>>> print(open('target_21.cif').read())   # mmCIF, C-alpha atoms and all ligand atoms
data_data
#
loop_
_atom_site.label_atom_id
_atom_site.label_comp_id
_atom_site.auth_asym_id
_atom_site.auth_seq_id
_atom_site.Cartn_x
_atom_site.Cartn_y
_atom_site.Cartn_z
CA MET I 429 0.00 0.00 0.00
CA LEU I 430 1.27 3.48 -0.88
CA SER I 431 1.11 6.37 1.57
CA SER I 432 -0.88 9.37 0.27
CA PHE I 433 2.38 11.19 -0.43
CA ASP I 434 3.95 8.24 -2.32
CA ARG I 435 0.72 7.82 -4.26
CA LEU I 436 0.88 11.46 -5.31
CA LEU I 437 4.54 11.14 -6.33
CA PHE I 438 3.71 7.99 -8.28
CA ILE I 439 0.74 9.31 -10.27
CA ARG I 440 2.62 12.51 -11.08
CA ARG I 441 5.09 10.33 -13.01
CA VAL I 442 2.39 8.37 -14.90
CA SER I 443 2.58 9.57 -18.51
CA ILE I 444 -1.15 10.24 -19.03
CA PHE I 445 -1.34 12.53 -15.98
CA GLN I 446 1.79 14.53 -16.67
CA GLU I 447 0.10 17.88 -17.36
CA LEU I 448 -2.32 17.79 -14.41
CA ARG I 449 -2.05 20.60 -11.88
CA ASP I 450 -0.76 19.51 -8.46
CA GLU I 451 -3.99 20.60 -6.82
CA PHE I 452 -6.03 18.27 -9.05
CA LEU I 453 -3.45 15.47 -8.72
CA VAL I 454 -3.88 15.60 -4.94
CA LYS I 455 -7.65 15.27 -5.38
CA LEU I 456 -7.26 12.44 -7.90
CA ALA I 457 -4.73 10.60 -5.73
CA SER I 458 -7.16 10.64 -2.83
CA VAL I 459 -10.10 9.11 -4.76
CA MET I 460 -8.30 6.36 -6.68
CA ASP I 461 -8.69 2.82 -5.36
CA GLU I 462 -5.62 0.69 -4.76
CA LEU I 463 -5.93 -3.04 -5.41
CA SER I 464 -3.46 -5.84 -4.69
CA PHE I 465 -3.47 -9.06 -6.69
CA PRO I 466 -1.54 -12.29 -6.14
CA SER I 467 0.57 -13.85 -8.89
CA SER I 468 -1.32 -15.61 -11.75
CA HIS I 469 -4.53 -13.80 -10.90
CA THR I 470 -6.86 -12.87 -13.76
CA ILE I 471 -7.83 -9.25 -13.12
CA PHE I 472 -10.50 -9.39 -15.83
CA GLU I 473 -11.42 -11.54 -18.79
CA GLN I 474 -11.95 -10.64 -22.42
CA GLY I 475 -15.67 -9.99 -23.02
CA GLU I 476 -16.45 -8.75 -19.51
CA GLU I 477 -18.05 -5.38 -18.94
CA GLY I 478 -15.37 -2.87 -17.93
CA ARG I 479 -15.75 0.13 -15.68
CA SER I 480 -12.19 0.93 -14.62
CA LEU I 481 -8.83 1.89 -15.98
CA TYR I 482 -5.84 0.37 -14.14
CA ILE I 483 -2.35 1.71 -13.55
CA VAL I 484 0.38 -0.76 -12.61
CA VAL I 485 2.08 0.46 -9.43
CA SER I 486 4.28 -2.60 -8.97
CA GLY I 487 4.64 -6.03 -10.54
CA ARG I 488 3.90 -7.14 -14.09
CA VAL I 489 0.79 -8.23 -15.98
CA ARG I 490 0.24 -9.89 -19.31
CA VAL I 491 -2.51 -8.88 -21.73
CA HIS I 492 -3.74 -11.95 -23.60
CA LEU I 493 -6.37 -13.47 -25.84
CA GLY I 494 -6.72 -16.99 -24.45
CA ASP I 495 -3.19 -18.46 -24.61
CA GLN I 496 -1.95 -15.82 -27.05
CA GLU I 497 0.02 -13.14 -25.24
CA LEU I 498 -0.31 -9.65 -26.73
CA VAL I 499 1.99 -7.73 -24.42
CA GLN I 500 3.47 -7.55 -20.94
CA LEU I 501 3.04 -4.35 -18.95
CA GLU I 502 4.95 -3.06 -15.96
CA GLN I 503 5.14 -0.16 -13.52
CA GLY I 504 3.52 3.03 -14.81
CA SER I 505 1.62 1.31 -17.65
CA ILE I 506 -2.12 1.69 -17.99
CA PHE I 507 -4.62 -0.92 -19.13
CA GLY I 508 -8.39 -1.19 -19.33
CA GLU I 509 -8.77 2.22 -20.97
CA MET I 510 -10.44 0.86 -24.14
CA ALA I 511 -13.67 -0.39 -22.55
CA LEU I 512 -13.87 2.84 -20.59
CA PHE I 513 -13.74 4.95 -23.75
CA ASP I 514 -15.86 2.92 -26.17
CA ALA I 515 -18.24 1.24 -23.67
CA GLU I 516 -17.59 -2.11 -25.39
CA PRO I 517 -16.63 -5.29 -23.50
CA ARG I 518 -12.98 -5.87 -22.49
CA SER I 519 -10.96 -6.49 -25.67
CA ALA I 520 -8.52 -8.88 -23.95
CA SER I 521 -7.88 -10.60 -20.63
CA VAL I 522 -5.29 -9.34 -18.15
CA THR I 523 -3.49 -11.70 -15.75
CA THR I 524 -0.73 -10.94 -13.23
CA LEU I 525 2.71 -12.48 -13.85
CA GLU I 526 3.75 -11.72 -10.28
CA LYS I 527 2.22 -10.09 -7.23
CA CYS I 528 0.82 -6.75 -8.42
CA ASP I 529 -0.47 -3.51 -6.97
CA CYS I 530 -2.68 -1.33 -9.17
CA LEU I 531 -4.44 1.99 -8.84
CA THR I 532 -7.83 2.22 -10.53
CA LEU I 533 -9.83 5.08 -11.93
CA ASN I 534 -13.50 4.81 -12.84
CA GLN I 535 -15.19 6.41 -15.84
CA LEU I 536 -16.51 9.41 -13.92
CA GLN I 537 -13.11 10.12 -12.36
CA LEU I 538 -11.46 9.88 -15.78
CA ILE I 539 -14.01 12.24 -17.35
CA ASP I 540 -13.48 14.71 -14.48
CA ALA I 541 -9.72 14.54 -15.03
CA ILE I 542 -10.13 15.11 -18.80
CA GLU I 543 -12.47 18.07 -18.22
CA GLU I 544 -9.91 19.55 -15.85
CA THR I 545 -6.99 18.89 -18.20
CA PRO I 546 -7.94 17.93 -21.79
CA GLU I 547 -4.28 17.00 -22.50
CA ILE I 548 -5.00 13.72 -20.67
CA ALA I 549 -7.16 12.64 -23.63
CA VAL I 550 -4.23 13.46 -25.94
CA ASN I 551 -1.91 11.42 -23.71
CA VAL I 552 -4.25 8.42 -23.76
CA THR I 553 -4.51 8.71 -27.56
CA ARG I 554 -0.71 8.76 -27.72
CA ALA I 555 -0.58 5.54 -25.66
CA LEU I 556 -3.18 3.92 -27.96
CA SER I 557 -1.25 5.01 -31.07
CA ARG I 558 1.92 3.46 -29.67
CA ARG I 559 0.07 0.18 -29.10
CA ILE I 560 -1.28 0.12 -32.66
CA ARG I 561 2.24 0.72 -34.01
CA GLU I 562 3.60 -2.16 -31.89
CA LEU I 563 0.76 -4.36 -33.10
CA ASN I 564 1.45 -3.45 -36.73
CA SER I 565 5.08 -4.35 -36.35
CA LYS I 566 4.13 -7.72 -34.80
CA VAL I 567 1.72 -8.42 -37.69
CA LYS I 568 4.57 -7.67 -40.10
CA THR I 569 6.89 -10.09 -38.24
CA TYR I 570 4.24 -12.84 -38.28
CA GLU I 571 3.66 -12.24 -42.00
CA HIS I 572 7.41 -12.65 -42.71
CA GLN I 573 7.52 -15.85 -40.62
CA LEU I 574 4.46 -17.24 -42.40
CA ASN I 575 5.90 -16.41 -45.82
CA SER I 576 9.18 -18.17 -45.05
CA ILE I 577 7.32 -21.25 -43.71
CA ASN I 578 5.21 -21.32 -46.90
CA ALA I 579 8.33 -20.90 -49.06
CA GLN I 580 9.96 -23.91 -47.36
CA ALA I 581 6.86 -26.15 -47.79
P1 LIG B 601 -9.82 -3.02 -22.43
O1 LIG B 601 -10.35 -3.43 -23.76
O2 LIG B 601 -10.69 -2.20 -21.57
O3 LIG B 601 -9.40 -4.33 -21.64
C1 LIG B 601 -8.29 -5.08 -22.11
C2 LIG B 601 -7.11 -4.14 -22.15
O4 LIG B 601 -5.92 -4.70 -22.64
C3 LIG B 601 -7.41 -3.01 -23.15
O5 LIG B 601 -8.45 -2.22 -22.63
C4 LIG B 601 -6.04 -2.39 -23.28
O6 LIG B 601 -5.74 -1.61 -22.15
C5 LIG B 601 -5.18 -3.65 -23.25
N1 LIG B 601 -4.86 -4.12 -24.61
C6 LIG B 601 -5.69 -4.72 -25.50
N2 LIG B 601 -5.04 -5.01 -26.65
C7 LIG B 601 -3.77 -4.60 -26.46
C8 LIG B 601 -2.60 -4.63 -27.28
N3 LIG B 601 -2.60 -5.16 -28.51
N4 LIG B 601 -1.47 -4.09 -26.79
C9 LIG B 601 -1.44 -3.55 -25.53
N5 LIG B 601 -2.50 -3.51 -24.72
C10 LIG B 601 -3.65 -4.03 -25.17
#
>>> encode(input="target_21.cif", output="structure tokens")
Amino acid sequence: MLSSFDRLLFIRRVSIFQELRDEFLVKLASVMDELSFPSSHTIFEQGEEGRSLYIVVSGRVRVHLGDQELVQLEQGSIFGEMALFDAEPRSASVTTLEKCDCLTLNQLQLIDAIEETPEIAVNVTRALSRRIRELNSKVKTYEHQLNSINAQA
């Protein structure tokens, strides 16, 4: 568990909150929930309804579709933002790889933060863009691997 001061220091370093005024950060830090999960715990499953965004405070999680791992995330990373923005079910499952502490933000808290500092929406979009680029580069790698397997057959 983080003390209120450590929590404030931590969320100030989280990329999506970087432009928030200290006064608002203090307010945000005080309303966020902190959750602890054991290792190999599924935080949520693909297809579930999602109402929170998570920030990894410590530990590591993997984002996966069944057995297929999409990415591993560590301290400072966010996940669960997609269902919050598009009100669709969770696009993937998230399971801890080790003991993990996370801070969570619900939809109302996120909207409040964006109204206070619209740059947060830009920061989330930047994080989403980065993920699409990483995904594109993985698709390219798989395509190359598939082509060389087909060429050998
Ligand atoms: P959400 O759809 O709410 O729940 C699953 C989360 O996994 C999703 O939000 C993103 O935060 C994350 N996620 C889904 N797909 C990827 C991906 N390809 N790369 C990184 N993170 C992802």
>>> atom_distance(input="target_21.cif", atom1="atom O5 of ligand LIG 601 (chain B)", atom2="CA of Gly478 in chain I")
8.4 Å
>>> residues_near_ligand(input="target_21.cif", ligand="ligand LIG 601 (chain B)", cutoff="10 Å", atoms="only C-alpha atoms and all ligand atoms", output="PDB file with C-alpha atoms, in the coordinates of the input")
ATOM      1  CA  ILE I 471      -7.830  -9.250 -13.120  1.00  0.00           C
ATOM      2  CA  PHE I 472     -10.500  -9.390 -15.830  1.00  0.00           C
ATOM      3  CA  GLU I 473     -11.420 -11.540 -18.790  1.00  0.00           C
ATOM      4  CA  GLN I 474     -11.950 -10.640 -22.420  1.00  0.00           C
ATOM      5  CA  GLY I 475     -15.670  -9.990 -23.020  1.00  0.00           C
ATOM      6  CA  GLU I 476     -16.450  -8.750 -19.510  1.00  0.00           C
ATOM      7  CA  GLU I 477     -18.050  -5.380 -18.940  1.00  0.00           C
ATOM      8  CA  GLY I 478     -15.370  -2.870 -17.930  1.00  0.00           C
ATOM      9  CA  ARG I 479     -15.750   0.130 -15.680  1.00  0.00           C
ATOM     10  CA  SER I 480     -12.190   0.930 -14.620  1.00  0.00           C
ATOM     11  CA  LEU I 481      -8.830   1.890 -15.980  1.00  0.00           C
ATOM     12  CA  TYR I 482      -5.840   0.370 -14.140  1.00  0.00           C
ATOM     13  CA  ILE I 483      -2.350   1.710 -13.550  1.00  0.00           C
ATOM     14  CA  ARG I 490       0.240  -9.890 -19.310  1.00  0.00           C
ATOM     15  CA  VAL I 491      -2.510  -8.880 -21.730  1.00  0.00           C
ATOM     16  CA  HIS I 492      -3.740 -11.950 -23.600  1.00  0.00           C
ATOM     17  CA  LEU I 493      -6.370 -13.470 -25.840  1.00  0.00           C
ATOM     18  CA  GLU I 497       0.020 -13.140 -25.240  1.00  0.00           C
ATOM     19  CA  LEU I 498      -0.310  -9.650 -26.730  1.00  0.00           C
ATOM     20  CA  VAL I 499       1.990  -7.730 -24.420  1.00  0.00           C
ATOM     21  CA  GLN I 500       3.470  -7.550 -20.940  1.00  0.00           C
ATOM     22  CA  LEU I 501       3.040  -4.350 -18.950  1.00  0.00           C
ATOM     23  CA  SER I 505       1.620   1.310 -17.650  1.00  0.00           C
ATOM     24  CA  ILE I 506      -2.120   1.690 -17.990  1.00  0.00           C
ATOM     25  CA  PHE I 507      -4.620  -0.920 -19.130  1.00  0.00           C
ATOM     26  CA  GLY I 508      -8.390  -1.190 -19.330  1.00  0.00           C
ATOM     27  CA  GLU I 509      -8.770   2.220 -20.970  1.00  0.00           C
ATOM     28  CA  MET I 510     -10.440   0.860 -24.140  1.00  0.00           C
ATOM     29  CA  ALA I 511     -13.670  -0.390 -22.550  1.00  0.00           C
ATOM     30  CA  LEU I 512     -13.870   2.840 -20.590  1.00  0.00           C
ATOM     31  CA  PHE I 513     -13.740   4.950 -23.750  1.00  0.00           C
ATOM     32  CA  ASP I 514     -15.860   2.920 -26.170  1.00  0.00           C
ATOM     33  CA  ALA I 515     -18.240   1.240 -23.670  1.00  0.00           C
ATOM     34  CA  GLU I 516     -17.590  -2.110 -25.390  1.00  0.00           C
ATOM     35  CA  PRO I 517     -16.630  -5.290 -23.500  1.00  0.00           C
ATOM     36  CA  ARG I 518     -12.980  -5.870 -22.490  1.00  0.00           C
ATOM     37  CA  SER I 519     -10.960  -6.490 -25.670  1.00  0.00           C
ATOM     38  CA  ALA I 520      -8.520  -8.880 -23.950  1.00  0.00           C
ATOM     39  CA  SER I 521      -7.880 -10.600 -20.630  1.00  0.00           C
ATOM     40  CA  VAL I 522      -5.290  -9.340 -18.150  1.00  0.00           C
ATOM     41  CA  ALA I 555      -0.580   5.540 -25.660  1.00  0.00           C
ATOM     42  CA  LEU I 556      -3.180   3.920 -27.960  1.00  0.00           C
ATOM     43  CA  ARG I 558       1.920   3.460 -29.670  1.00  0.00           C
ATOM     44  CA  ARG I 559       0.070   0.180 -29.100  1.00  0.00           C
ATOM     45  CA  ILE I 560      -1.280   0.120 -32.660  1.00  0.00           C
ATOM     46  CA  ARG I 561       2.240   0.720 -34.010  1.00  0.00           C
ATOM     47  CA  GLU I 562       3.600  -2.160 -31.890  1.00  0.00           C
ATOM     48  CA  LEU I 563       0.760  -4.360 -33.100  1.00  0.00           C
ATOM     49  CA  ASN I 564       1.450  -3.450 -36.730  1.00  0.00           C
ATOM     50  CA  LYS I 566       4.130  -7.720 -34.800  1.00  0.00           C
TER      51      LYS I 566
END
>>> residues_around(input="target_21.cif", residues="Ser443 in chain I", least_positions_apart="2", cutoff="10 Å", atoms="only C-alpha atoms", output="list in words")
Ile439, Arg440, Arg441, Phe445, Gln446, Glu447, Gly504, Ser505, Ile506, Ile548, Asn551, Val552, Arg554 and Ala555 of chain I
>>> atom_distance(input="target_21.cif", atom1="CA of Leu436 in chain I", atom2="CA of Ser468 in chain I")
27.9 Å
>>> closest_residue(input="target_21.cif", among="I:Leu525, I:Cys530, I:Ala541, I:Ala549", to="Phe452 in chain I", atoms="all atoms listed in the file")
I:Ala541
>>> atom_distance(input="target_21.cif", atom1="CA of Leu453 in chain I", atom2="CA of Thr470 in chain I")
29.0 Å
>>> closest_atom_pairs(input="target_21.cif", of="range 496-573 of chain I", to="range 454-461 of chain I", cutoff="7 Å", atoms="all atoms listed in the file", output="CSV")
residue,atom,partner,partner_atom,distance
I:Leu531,CA,I:Asp461,CA,5.6
I:Thr532,CA,I:Asp461,CA,5.3
I:Leu533,CA,I:Met460,CA,5.6
>>> closest_residue(input="target_21.cif", among="I:Leu437, I:Leu574, I:Val485, I:Val442", to="Ser464 in chain I", atoms="all atoms listed in the file")
I:Val485
>>> closest_residue(input="target_21.cif", among="I:Val567, I:Leu463, I:Val550, I:Ala579", to="Lys527 in chain I", atoms="only C-alpha atoms")
I:Leu463
